[in-house]
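Remarks on the structure that follows.
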Amino acid sequence: MTEKSKNKKYSSKKNNKIRKNLLPDSIIRFEIRISGAGGQGIISTGMLLGEAISIGDGKNVSQSQAYGPEARGGATRADIIISDSEIYFPECNKIDLLVAFTDTAYEKHSAHVKQTGLIIADEHAVEMKMGTAKTLDIPFIEFAKKKFGNQIVANIIALGFVSSYTGIVSKGSIMGAVEDKFENSKYLELNLKALDFGFSLGKKYFKENPLTA
Amino acid sequence: MALNRTTSDGHPVRFVQGNEAVVLGALHSGCRFFGGYPITPSTEIAEGMARELPKVGGVFIQMEDEIASIASIIGASAAGAKSMTATSGPGFSLMQENLGFAYITQLPIVIVNVQRGGPSTGLPTKLAQSDTMQARWGTHGDYTAVVLAASSVQESYEATIRAFELAEKLSTPVIVLLDELIGHMREKLILRMKKDIKEIRRPFPKVPPEWYFPYDIPNDYTAHPAPFGEGFRYSITGLVHDRTGFPTSVPSEVIERLDALREKIITHRKEIWNWKEYEVTDAKYLIVAYGSAARAARGAVAILRKKRIKAGFLELKSIWPFPDGPLMSAAKQAKYVFVAENNMGQLIHAVRENIRHTINVIPINRYDGHPLEPEQIVYFIKEEVYGHSTV
């Protein structure tokens, strides 16, 4: 699966402007920020994505986080840095990929996204598009409520979406990470379904509005 | 399908926080008692120990505060268990009195301090390295500290293992200084194989109980009080004591005791020292740092070397007793030494003490709760090289 998509990536990059993978071939520093409110599973999302890219895809990853002193609410973010060499500074400076779940998160962090970067935000979060980076607003929370009756899986849907739309993490790795985390949990089935839904959602959006170089 | 969590040569691999790496390091070292009081940003250590210790027949207890936490691990150590606690600034302050007690009674314990912003409750969820000096001088009385540090998840694991080795070998408290960034950061961690872990344990008395003196001063100055409950009767006290363990104020015995306590650490200092050099052989501009600041310093050297500025970096993986030998050899050809810290300037005092007469020592500090960035260090160094930083 991964090899196939890799081959596709190279060929599509040469022939037309569509990019199958947001990650460049040689990674000096690639920055991902996942942000939202406390209790939305932001840090878990960062952890799963970091683990999938690090252990699953074998890349060099540092994942850090910031949160307020509150247990619920308050701004939370998880930063994932990917690099082919040593990672000196484990927080984001110029973001390549921003995933935002709340309006405050979107407004606060979208200004730090590179022009060539990508923003994937929940539909509720984007009142007005900001900045020059390509922005997708996807109703993750809405889908989670409607399809799964539980808005807690919105982050898992987003993970699936990120995997199939941006190609920064392979499907097998992110599935493995989710499986390992929810091993022996009654929520395993729910999360795998949500992840799968996210994959197909990402594929659908890619057909309509693909990544371009 | 589950992720493959072993390296090609069979080492288990994890993607974990620095705090979780401490838990794994402690368990692999044979730690079987943890007494603690949860505090951000060290809570994951208590959580991990509470979850894992019962599985290996160990004991976890949440005490009423940090004074009781350190008291409980000293008690467990007196009974022969390898024991640990973890805390952050405010809790570390409360532990200071009993830290001295563990030192004078020569009971090995490990204290992990995941530093956060201070003073007082300060910045609970943000990083700082502002307990650098407290770790050295926090407890009252003349005291010689053993303090290790780490700048990555892998190093947190290694430092914890080393802390237990040194504590057992020297029968003294060993402090591991992490900070919020390292404690909460997740990275790949490669675990040691079971066969590669050699468990060091304090020696058991070689004489029968009736001939036993717990605090005899041997050639290497290290007394190893026998575990309680093994038939050896003696007194444990925080008062200055003679070889029986009972109080004394005879001047010659007092001097002998205090000297021995210091000498056991000073004579083993080369074993405790742990450092790493980056491009120091021709470095005119040397950076000295530990912990999360060390990551930024490594990045700064990479940037400066690309610009053909002769920068080097000495990373300290042990801070106290201060590695003066490694510093002096790394700074041999340096014109300037920069001390990068996430505080208002603490480690710099130790650096100055050793080399101020020959070399300019310049502080680089950040204390807003955020980690130093490589570019910040580059900025400071360029100012010294060119007189301004815009080149």
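Within each chain, counting starts at residue 1; across the structure tokens, chains are named A, B, ... in the order shown, with ligands numbered 1 upward in that order.
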Extract the full set of strand (DSSP E or B) residues from stretch 29-232 of chain B according to DSSP on the backbone, and format it as JSON, numbers by chain.
{"B": [33, 34, 35, 36, 59, 60, 61, 62, 83, 84, 85, 86, 87, 109, 110, 111, 112, 113, 114, 115, 116, 117, 123, 124, 125, 126, 127, 147, 148, 149, 173, 174, 175, 176, 177, 178, 179, 186, 187, 188, 189, 190]}
Dump as a short mmCIF file (atom, residue, chain, number, x, y, z; two decimals), in the first residue's frame, selection limited to C-alpha atoms:
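As a result, again.cif now contains:
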data_model
loop_
_atom_site.label_atom_id
_atom_site.label_comp_id
_atom_site.auth_asym_id
_atom_site.auth_seq_id
_atom_site.Cartn_x
_atom_site.Cartn_y
_atom_site.Cartn_z
CA PHE B 33 8.96 1.68 45.90
CA PHE B 34 7.53 5.02 44.88
CA GLY B 35 6.11 7.52 47.36
CA GLY B 36 4.91 10.73 45.82
CA VAL B 59 4.63 -0.61 46.18
CA PHE B 60 3.20 2.76 45.15
CA ILE B 61 1.87 5.12 47.76
CA GLN B 62 0.44 8.58 47.33
CA SER B 83 13.05 3.87 45.90
CA MET B 84 12.15 7.00 44.03
CA THR B 85 9.94 10.06 44.09
CA ALA B 86 9.14 12.65 41.42
CA THR B 87 8.11 16.24 41.81
CA ILE B 109 17.17 7.53 46.99
CA VAL B 110 16.37 9.00 43.58
CA ILE B 111 14.47 12.26 43.21
CA VAL B 112 13.26 13.38 39.80
CA ASN B 113 12.51 17.09 39.53
CA VAL B 114 10.66 18.00 36.35
CA GLN B 115 11.29 21.73 36.54
CA ARG B 116 8.57 24.29 35.85
CA GLY B 117 8.48 28.07 36.03
CA LEU B 123 4.04 28.54 35.73
CA PRO B 124 2.78 24.98 36.30
CA THR B 125 2.60 23.94 32.65
CA LYS B 126 5.64 25.82 31.32
CA LEU B 127 9.29 24.99 31.38
CA VAL B 147 22.62 15.86 40.07
CA LEU B 148 22.09 14.42 36.58
CA ALA B 149 20.29 15.97 33.61
CA PRO B 173 20.47 10.88 47.23
CA VAL B 174 20.71 11.43 43.48
CA ILE B 175 18.62 14.09 41.76
CA VAL B 176 17.57 13.92 38.12
CA LEU B 177 16.76 17.37 36.74
CA LEU B 178 14.38 17.36 33.81
CA ASP B 179 12.18 20.21 32.66
CA ARG B 186 7.32 12.50 23.03
CA GLU B 187 10.09 10.92 21.02
CA LYS B 188 11.24 7.51 20.01
CA LEU B 189 12.75 5.60 22.93
CA ILE B 190 14.88 2.50 22.39
#
At a cut-off of 10 Å, using only C-alpha atoms, what residues contact A:Phe143? Leave out same-chain residues fewer than 3 positions from it and give the result as a ChimeraX atom specification.
/A:138-140,146-151,153-154,157,194,197-198
Write the selection just made, keeping all heavy atoms, as a JSON list (two decimals), in the first residue's frame?
[["chain", "number", "residue", "atom", "x", "y", "z"],
["A", 138, "ILE", "N", -13.87, 21.49, 7.09],
["A", 138, "ILE", "CA", -14.56, 20.20, 7.04],
["A", 138, "ILE", "C", -15.40, 20.06, 8.31],
["A", 138, "ILE", "O", -14.89, 20.33, 9.41],
["A", 138, "ILE", "CB", -13.53, 19.04, 7.03],
["A", 138, "ILE", "CG1", -12.30, 19.37, 6.18],
["A", 138, "ILE", "CG2", -14.19, 17.73, 6.63],
["A", 138, "ILE", "CD1", -12.46, 19.28, 4.72],
["A", 139, "PRO", "N", -16.64, 19.64, 8.20],
["A", 139, "PRO", "CA", -17.47, 19.51, 9.41],
["A", 139, "PRO", "C", -17.18, 18.24, 10.21],
["A", 139, "PRO", "O", -18.04, 17.37, 10.33],
["A", 139, "PRO", "CB", -18.89, 19.51, 8.85],
["A", 139, "PRO", "CG", -18.76, 19.02, 7.45],
["A", 139, "PRO", "CD", -17.41, 19.39, 6.96],
["A", 140, "PHE", "N", -15.96, 18.15, 10.77],
["A", 140, "PHE", "CA", -15.58, 16.95, 11.54],
["A", 140, "PHE", "C", -16.52, 16.70, 12.71],
["A", 140, "PHE", "O", -17.00, 15.58, 12.92],
["A", 140, "PHE", "CB", -14.15, 17.11, 12.08],
["A", 140, "PHE", "CG", -13.08, 17.11, 11.03],
["A", 140, "PHE", "CD1", -12.20, 18.19, 10.92],
["A", 140, "PHE", "CD2", -12.93, 16.04, 10.17],
["A", 140, "PHE", "CE1", -11.21, 18.19, 9.96],
["A", 140, "PHE", "CE2", -11.94, 16.04, 9.21],
["A", 140, "PHE", "CZ", -11.08, 17.12, 9.10],
["A", 146, "LYS", "N", -23.38, 13.26, 13.92],
["A", 146, "LYS", "CA", -24.42, 12.65, 13.08],
["A", 146, "LYS", "C", -24.16, 11.17, 12.81],
["A", 146, "LYS", "O", -25.03, 10.33, 12.95],
["A", 146, "LYS", "CB", -24.53, 13.39, 11.75],
["A", 146, "LYS", "CG", -25.46, 14.59, 11.82],
["A", 146, "LYS", "CD", -25.77, 15.10, 10.42],
["A", 146, "LYS", "CE", -26.46, 16.45, 10.47],
["A", 146, "LYS", "NZ", -26.13, 17.26, 9.29],
["A", 147, "LYS", "N", -22.95, 10.84, 12.40],
["A", 147, "LYS", "CA", -22.66, 9.48, 11.96],
["A", 147, "LYS", "C", -22.37, 8.54, 13.12],
["A", 147, "LYS", "O", -22.63, 7.35, 13.04],
["A", 147, "LYS", "CB", -21.44, 9.48, 11.03],
["A", 147, "LYS", "CG", -21.64, 10.30, 9.79],
["A", 147, "LYS", "CD", -21.63, 9.41, 8.55],
["A", 147, "LYS", "CE", -22.03, 10.23, 7.35],
["A", 147, "LYS", "NZ", -22.35, 9.44, 6.20],
["A", 148, "PHE", "N", -21.76, 9.09, 14.18],
["A", 148, "PHE", "CA", -21.33, 8.20, 15.27],
["A", 148, "PHE", "C", -21.99, 8.54, 16.60],
["A", 148, "PHE", "O", -21.74, 7.90, 17.60],
["A", 148, "PHE", "CB", -19.81, 8.26, 15.41],
["A", 148, "PHE", "CG", -19.10, 7.86, 14.15],
["A", 148, "PHE", "CD1", -18.65, 8.81, 13.25],
["A", 148, "PHE", "CD2", -18.90, 6.52, 13.85],
["A", 148, "PHE", "CE1", -18.01, 8.45, 12.09],
["A", 148, "PHE", "CE2", -18.27, 6.14, 12.68],
["A", 148, "PHE", "CZ", -17.83, 7.10, 11.79],
["A", 149, "GLY", "N", -22.83, 9.58, 16.60],
["A", 149, "GLY", "CA", -23.56, 9.93, 17.81],
["A", 149, "GLY", "C", -22.67, 10.36, 18.95],
["A", 149, "GLY", "O", -23.07, 10.32, 20.12],
["A", 150, "ASN", "N", -21.44, 10.75, 18.63],
["A", 150, "ASN", "CA", -20.51, 11.09, 19.71],
["A", 150, "ASN", "C", -19.44, 12.03, 19.15],
["A", 150, "ASN", "O", -18.64, 11.64, 18.31],
["A", 150, "ASN", "CB", -19.86, 9.80, 20.22],
["A", 150, "ASN", "CG", -19.13, 10.01, 21.54],
["A", 150, "ASN", "OD1", -18.87, 11.15, 21.92],
["A", 150, "ASN", "ND2", -18.83, 8.92, 22.21],
["A", 151, "GLN", "N", -19.42, 13.25, 19.63],
["A", 151, "GLN", "CA", -18.49, 14.21, 19.01],
["A", 151, "GLN", "C", -17.04, 13.97, 19.42],
["A", 151, "GLN", "O", -16.13, 14.57, 18.89],
["A", 151, "GLN", "CB", -18.91, 15.64, 19.32],
["A", 151, "GLN", "CG", -18.71, 16.07, 20.76],
["A", 151, "GLN", "CD", -19.03, 17.55, 20.90],
["A", 151, "GLN", "OE1", -20.14, 17.98, 20.61],
["A", 151, "GLN", "NE2", -18.06, 18.32, 21.34],
["A", 153, "VAL", "N", -15.25, 11.51, 18.68],
["A", 153, "VAL", "CA", -14.44, 10.88, 17.62],
["A", 153, "VAL", "C", -14.08, 11.85, 16.49],
["A", 153, "VAL", "O", -13.45, 11.46, 15.51],
["A", 153, "VAL", "CB", -15.12, 9.62, 17.02],
["A", 153, "VAL", "CG1", -15.23, 8.53, 18.06],
["A", 153, "VAL", "CG2", -16.46, 9.97, 16.42],
["A", 154, "ALA", "N", -14.44, 13.15, 16.66],
["A", 154, "ALA", "CA", -14.13, 14.13, 15.61],
["A", 154, "ALA", "C", -12.62, 14.14, 15.31],
["A", 154, "ALA", "O", -12.22, 14.23, 14.15],
["A", 154, "ALA", "CB", -14.57, 15.52, 16.06],
["A", 157, "ILE", "N", -11.72, 11.13, 13.12],
["A", 157, "ILE", "CA", -12.11, 11.36, 11.73],
["A", 157, "ILE", "C", -11.07, 12.26, 11.07],
["A", 157, "ILE", "O", -10.62, 12.00, 9.95],
["A", 157, "ILE", "CB", -13.51, 12.02, 11.66],
["A", 157, "ILE", "CG1", -14.56, 11.10, 12.30],
["A", 157, "ILE", "CG2", -13.90, 12.33, 10.21],
["A", 157, "ILE", "CD1", -15.95, 11.68, 12.34],
["A", 194, "ALA", "N", -14.60, 5.35, 12.72],
["A", 194, "ALA", "CA", -14.45, 6.80, 12.54],
["A", 194, "ALA", "C", -13.21, 7.09, 11.68],
["A", 194, "ALA", "O", -13.23, 7.95, 10.79],
["A", 194, "ALA", "CB", -14.31, 7.49, 13.89],
["A", 197, "PHE", "N", -13.95, 6.23, 8.12],
["A", 197, "PHE", "CA", -14.80, 7.28, 7.55],
["A", 197, "PHE", "C", -13.92, 8.49, 7.16],
["A", 197, "PHE", "O", -14.10, 9.08, 6.09],
["A", 197, "PHE", "CB", -15.87, 7.68, 8.56],
["A", 197, "PHE", "CG", -16.73, 8.81, 8.09],
["A", 197, "PHE", "CD1", -17.70, 8.62, 7.11],
["A", 197, "PHE", "CD2", -16.56, 10.09, 8.62],
["A", 197, "PHE", "CE1", -18.47, 9.67, 6.67],
["A", 197, "PHE", "CE2", -17.33, 11.15, 8.18],
["A", 197, "PHE", "CZ", -18.30, 10.94, 7.20],
["A", 198, "GLY", "N", -12.99, 8.82, 8.02],
["A", 198, "GLY", "CA", -12.08, 9.94, 7.74],
["A", 198, "GLY", "C", -11.26, 9.71, 6.49],
["A", 198, "GLY", "O", -11.07, 10.61, 5.68]]
Could you work out how far atom CA of B:Lys194 lies from atom CA of B:Thr7, giving the answer in Å with one decimal?
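Between these atoms lies a distance of 14.6 Å.
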Tell me as a VMD selection string which residues belonging to chain B come within 8 Å of chain A, counting only C-alpha atoms.
chain B and resid 1 to 5 13 to 15 124 to 126 181 184 to 188 295 to 296 298 to 299 371 373 to 374
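Residue nearest A:Lys203 within the list A:His112, A:Ser170, A:Ser164, A:Lys186: A:Ser164 [criterion: smallest interatomic distance, only C-alpha atoms].
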Any idea what's packed within 10 Å of B:Gln346, counting only C-alpha atoms, ignoring anything in its chain fewer than 4 positions away? Could you give it as JSON, numbers by chain?
{"B": [129, 130, 131, 132, 133, 134, 339, 340, 341, 342, 350, 351, 363, 365]}
Please provide the set of residues having any atom within 10 Å of A:Ala125, restricted to only C-alpha atoms, with same-chain residues fewer than 3 positions apart removed, written as a ChimeraX atom specification.
/A:36,100-107,121-122,128-129,137-139
Please run DSSP on the backbone and report, as an MDAnalysis selection string, all residues within stretch 228-323 of chain B that come out as helix (DSSP H, G or I).
chainID B and resid 251:266 269:272 292:306
Which neighbours of stretch 165-169 of chain B fall inside 9 Å, counting only C-alpha atoms, when residues of the same chain fewer than 6 positions from it are skipped, and could you give them as a PDB file with N, CA and C atoms, in the first residue's frame?
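Generated output (result-v2.pdb):
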ATOM      1  N   SER B  29      15.691  -0.458  36.497  1.00  0.00           N
ATOM      2  CA  SER B  29      16.777  -0.396  37.483  1.00  0.00           C
ATOM      3  C   SER B  29      16.441  -1.183  38.736  1.00  0.00           C
ATOM      4  N   LYS B  82      14.987  -0.216  46.469  1.00  0.00           N
ATOM      5  CA  LYS B  82      15.358   0.906  45.612  1.00  0.00           C
ATOM      6  C   LYS B  82      14.122   1.785  45.485  1.00  0.00           C
ATOM      7  N   LEU B 107      21.413   7.017  52.919  1.00  0.00           N
ATOM      8  CA  LEU B 107      20.414   6.109  52.370  1.00  0.00           C
ATOM      9  C   LEU B 107      20.153   6.497  50.920  1.00  0.00           C
ATOM     10  N   PRO B 108      20.369   5.575  49.996  1.00  0.00           N
ATOM     11  CA  PRO B 108      20.217   5.906  48.575  1.00  0.00           C
ATOM     12  C   PRO B 108      18.759   6.144  48.178  1.00  0.00           C
ATOM     13  N   ILE B 109      18.496   7.273  47.557  1.00  0.00           N
ATOM     14  CA  ILE B 109      17.167   7.534  46.988  1.00  0.00           C
ATOM     15  C   ILE B 109      17.363   8.279  45.663  1.00  0.00           C
ATOM     16  N   VAL B 110      16.332   8.241  44.830  1.00  0.00           N
ATOM     17  CA  VAL B 110      16.371   8.999  43.575  1.00  0.00           C
ATOM     18  C   VAL B 110      15.195   9.972  43.571  1.00  0.00           C
ATOM     19  N   VAL B 146      24.592  15.224  44.123  1.00  0.00           N
ATOM     20  CA  VAL B 146      24.803  14.505  42.874  1.00  0.00           C
ATOM     21  C   VAL B 146      23.567  14.765  42.020  1.00  0.00           C
ATOM     22  N   GLU B 199      22.171  -4.862  37.242  1.00  0.00           N
ATOM     23  CA  GLU B 199      21.569  -4.186  38.376  1.00  0.00           C
ATOM     24  C   GLU B 199      22.575  -4.017  39.502  1.00  0.00           C
ATOM     25  N   ILE B 200      22.838  -2.763  39.855  1.00  0.00           N
ATOM     26  CA  ILE B 200      23.779  -2.499  40.945  1.00  0.00           C
ATOM     27  C   ILE B 200      22.996  -2.373  42.245  1.00  0.00           C
ATOM     28  N   ARG B 201      23.424  -3.094  43.245  1.00  0.00           N
ATOM     29  CA  ARG B 201      22.775  -3.051  44.546  1.00  0.00           C
ATOM     30  C   ARG B 201      23.829  -2.807  45.625  1.00  0.00           C
ATOM     31  N   ARG B 202      23.454  -2.029  46.651  1.00  0.00           N
ATOM     32  CA  ARG B 202      24.408  -1.744  47.739  1.00  0.00           C
ATOM     33  C   ARG B 202      24.874  -3.051  48.387  1.00  0.00           C
ATOM     34  N   PRO B 203      26.151  -3.133  48.774  1.00  0.00           N
ATOM     35  CA  PRO B 203      26.653  -4.398  49.341  1.00  0.00           C
ATOM     36  C   PRO B 203      26.046  -4.681  50.711  1.00  0.00           C
ATOM     37  N   THR B 222      32.457   5.299  51.588  1.00  0.00           N
ATOM     38  CA  THR B 222      31.035   5.034  51.403  1.00  0.00           C
ATOM     39  C   THR B 222      30.527   3.989  52.393  1.00  0.00           C
ATOM     40  N   HIS B 224      27.457   1.723  53.779  1.00  0.00           N
ATOM     41  CA  HIS B 224      26.206   1.179  53.246  1.00  0.00           C
ATOM     42  C   HIS B 224      25.420   0.576  54.404  1.00  0.00           C
ATOM     43  N   GLU B 271      33.502   9.561  37.817  1.00  0.00           N
ATOM     44  CA  GLU B 271      32.492   8.558  37.458  1.00  0.00           C
ATOM     45  C   GLU B 271      31.123   9.211  37.276  1.00  0.00           C
ATOM     46  N   ILE B 272      30.885  10.258  38.080  1.00  0.00           N
ATOM     47  CA  ILE B 272      29.581  10.927  38.022  1.00  0.00           C
ATOM     48  C   ILE B 272      29.505  11.830  36.790  1.00  0.00           C
TER      49      ILE B 272
END
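The closest residue to A:Gly202, picked from A:Asp96, A:Ser35, A:Lys20, A:Phe182 and counting only C-alpha atoms, is A:Lys20.
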